[in-house]
Protein chains: 2
Amino acid sequence: MKCTRCREPAEVKLRAHNSAFCRSCFVFFFQRRVARAVEHEKMFDRASRILVAVSGGKDSLALWEVLAEEGYTTVGFHLALGIGGYSSRSRERTEAFAAKRGLDLRVHALADEGLGIPDIVSATRRPACSACGTFKRHYFDAAALEFGCDVIATGHNLDDEAARLLGNVLHWQTDHLARQKPVMQPRHEKFVRKVKPLYLTSELETATYSFMRGIDYVVEECPNAAGASQLTYKAVLDRLEDTSPGTKVGFVRDFVVRGSAAFARDEEGDSARTCEGCGMPSFGALCSFCSLRAEVDRKLAARAKPAPTPSNA
Amino acid sequence: MKCTRCREPAEVKLRAHNSAFCRSCFVFFFQRRVARAVEHEKMFDRASRILVAVSGGKDSLALWEVLAEEGYTTVGFHLALGIGGYSSRSRERTEAFAAKRGLDLRVHALADEGLGIPDIVSATRRPACSACGTFKRHYFDAAALEFGCDVIATGHNLDDEAARLLGNVLHWQTDHLARQKPVMQPRHEKFVRKVKPLYLTSELETATYSFMRGIDYVVEECPNAAGASQLTYKAVLDRLEDTSPGTKVGFVRDFVVRGSAAFARDEEGDSARTCEGCGMPSFGALCSFCSLRAEVDRKLAARAKPAPTPSNA
């Protein structure tokens, strides 16, 4: 197997692209692919200050490295979720990655406020991924504002996007379909654009890039993840990809090019209020983050109260 | 396992409906489900004369039986495709079915004109399923006109519709999505409405109904079928259904209820001309059926001509 680009021996075969690459050509291919997604979708430019949301996994670290190498101005932001050893290992890898490359990393640790994801789940009995999503949205938005960034970049890869798209399509969640885009424009002046530069780059590709570049990332999955349906969707898409290479990239790209317009709609007027808790934009008096925090406080306070003495004791 | 309806021992379990049924309650359930689809989607009524396209397989025979038992006025139409033993066995079963029940069956045999599907494929090298689709559309439309029917009912079941929908979505074929409906209104006065009363009834359900009612159907698949991608789509949907029963019916029903509106568009003005070959509505001078026939004639004539004598012989 020879490299499609330079005819030297290839190290990796990409069936979806009908190509094979040696190490240096794969790195070139990967970086160019990310750069093209950024340019084609007008995600940001040289004047932008980009908040890169880094979890410590292969996707977000690979994204940060590519953007930094391309000369973009980046600020890494790591939200330490307080999910036991998984979170501490994720934070360590992220800090080591940034230190080794001299990159600007900011960390916010939920545990410092005694409010890690497990605490919220145990207080409210909400699904962990739902609480985690609410927290991430809030802290990413707040960090972009605090650090003067004009765009938030996340490491969602092609496999993530394809699985999410399949789930949305199987249930015809038209409101979710309307919001599944590689670039989400802000709907309030305190918010910034959110972009996914890896939306056409597969998990195999980000893992290969990270391996080839010696990025030391957290391999383990979040113990709360494994949302059964997402895993089934990924397995099913792997099967389709295996039968017909390129299925995933076609599914996601053609949705953006042809399908998504069908679900587009006017979303003006959203988030018109200001949250009384945190001052961020909100639909109601409290934003969903502050509502969740208030719910946690209420439930913890109720538990702390001594049980009432039985009246007939 | 007890029958959900009458608490007698159940014979069949339907995970998608979280139900189990004894034989008579399953037959009741199946017939009611078909009747409700017909009524809810306003497919036809007691005054309609329905052309039922019957292949000899479980779906179309089950459909015909249900409609006849419900007292609808039906005309069975069987297109004998000339695909060797498969087609002759299909015709035999269809004729035996109609004779046993005293139902009105009309048969058109392509082989009588020396123009079976294999002849067309061999002359034109087109994919068999594409040629077959063109022929079926033409003869179904022509039969409805000839026999004075005001609606054509086909036996497409839930699994067919879900697989087709998945394929259309994976490639975001928005024009095909706009036409995937349980009821297709005619776009010309010579055409009639086309309906799929089994679109929410799974293959498992039609097979069970046919078995329970002693319908002697052709079990073998068309040897030309096995379009690899349709089979993969069905396998993938089976996997999703297994993990989450009801996925298929939700996928197809929610598309009709919520998703399809996104792809709807104005289709007026289609088929405005009359085919110079057969007199049916057409986009161009010749309809696609007559174009295909002309292509076959041309190619067969070219083959029949003796090879020209080499000039330097």
# chains A, B, ... in the order shown; residues from 1 in each chain; ligands from 1
$ residues_around --residues "Phe251 (chain A)" --least-positions-apart "2" --cutoff "12 Å" --atoms "only C-alpha atoms" --output "ChimeraX atom specification"
/A:158-159,161-166,169,199-200,237,240-241,244-249,253-260 /B:166-173
$ residues_around --residues "Pro9 (chain B)" --least-positions-apart "4" --cutoff "12 Å" --atoms "only C-alpha atoms" --output "list in words"
Met1, Lys2, Cys3, Thr4, Arg5, Lys13, Ala20, Phe21, Cys22, Arg23, Ser24, Cys25 and Phe26 of chain B
$ atom_distance --atom1 "CA of Leu14 (chain B)" --atom2 "CA of Ile152 (chain B)"
29.0 Å
$ closest_residue --among "B:Ala37, B:Ala131, B:Val54, B:Val296" --to "Thr154 (chain B)" --atoms "only C-alpha atoms"
B:Val54
$ residues_around --residues "Ala294 (chain A)" --least-positions-apart "2" --cutoff "12 Å" --atoms "only C-alpha atoms" --output "NGL selection string"
:A and (115 or 120 or 123-124 or 276-278 or 286-292 or 296-301)
$ closest_residue --among "B:Pro186, B:Pro118, B:Gly279, B:Gly250" --to "chain A" --atoms "only C-alpha atoms"
B:Gly250
$ atom_distance --atom1 "CA of Val252 (chain B)" --atom2 "CA of Met43 (chain B)"
17.0 Å
$ residues_around --residues "region 85-97 of chain B" --least-positions-apart "6" --cutoff "10 Å" --atoms "only C-alpha atoms" --output "list in words"
Val54, Ser55, Gly56, Gly57, Ser60, Leu61, Trp64, Glu65, Gly76, Phe77, His78, Leu79, Leu103, Asp104, Leu105, Arg106, Val107, Ala109, Gly116, Ile215, Asp216, Tyr217, Val218, Val219, Glu220, Glu221, Cys222 and Pro223 of chain B
$ write_last_selection --atoms "C-alpha atoms" --output "tab-separated table (two decimals), in the first residue's frame"
chain	number	residue	atom	x	y	z
B	54	VAL	CA	-50.63	-8.20	-6.48
B	55	SER	CA	-47.23	-9.83	-6.93
B	56	GLY	CA	-48.03	-13.15	-5.26
B	57	GLY	CA	-45.97	-12.29	-2.16
B	60	SER	CA	-49.91	-7.78	-1.53
B	61	LEU	CA	-52.02	-10.91	-1.00
B	64	TRP	CA	-56.01	-7.81	-1.04
B	65	GLU	CA	-57.62	-10.18	1.43
B	76	GLY	CA	-56.49	-7.53	-8.56
B	77	PHE	CA	-53.82	-6.79	-11.12
B	78	HIS	CA	-50.84	-9.05	-11.62
B	79	LEU	CA	-47.99	-8.08	-13.93
B	103	LEU	CA	-61.87	-12.39	-6.54
B	104	ASP	CA	-61.58	-10.46	-9.79
B	105	LEU	CA	-58.00	-10.84	-11.10
B	106	ARG	CA	-56.53	-9.40	-14.29
B	107	VAL	CA	-53.14	-10.54	-15.50
B	109	ALA	CA	-47.90	-11.06	-19.06
B	116	GLY	CA	-39.90	-9.90	-20.10
B	215	ILE	CA	-52.50	-17.58	2.43
B	216	ASP	CA	-50.27	-19.60	0.12
B	217	TYR	CA	-47.76	-16.99	-1.04
B	218	VAL	CA	-44.45	-17.01	-2.87
B	219	VAL	CA	-41.79	-17.06	-0.17
B	220	GLU	CA	-38.78	-16.71	-2.46
B	221	GLU	CA	-37.49	-13.21	-3.17
B	222	CYS	CA	-37.13	-11.97	-6.73
B	223	PRO	CA	-33.70	-13.17	-7.91
$ closest_residue --among "A:Arg293, A:Arg239, A:Lys181, A:Arg273" --to "chain B" --atoms "only C-alpha atoms"
A:Arg239
$ select_by_dssp --residues "region 92-222 of chain A" --states "strand (DSSP E)" --output "PyMOL selection string"
chain A and resi 105-109+151-153+183-184+193-195
$ atom_distance --atom1 "CA of Val27 (chain A)" --atom2 "CA of Tyr209 (chain A)"
6.4 Å
$ select_by_dssp --residues "region 24-221 of chain B" --states "helix (DSSP H, G or I)" --output "PyMOL selection string"
chain B and resi 24-40+58-69+84-101+110-113+117-124+128-146+158-170+174-179+203-212
$ closest_residue --among "B:Thr174, B:Asn18, B:Asn157, B:Thr73" --to "Leu198 (chain B)" --atoms "only C-alpha atoms"
B:Asn157
$ closest_residue --among "A:His17, A:Lys136, A:Val52, A:Thr232" --to "chain B" --atoms "only C-alpha atoms"
A:Thr232
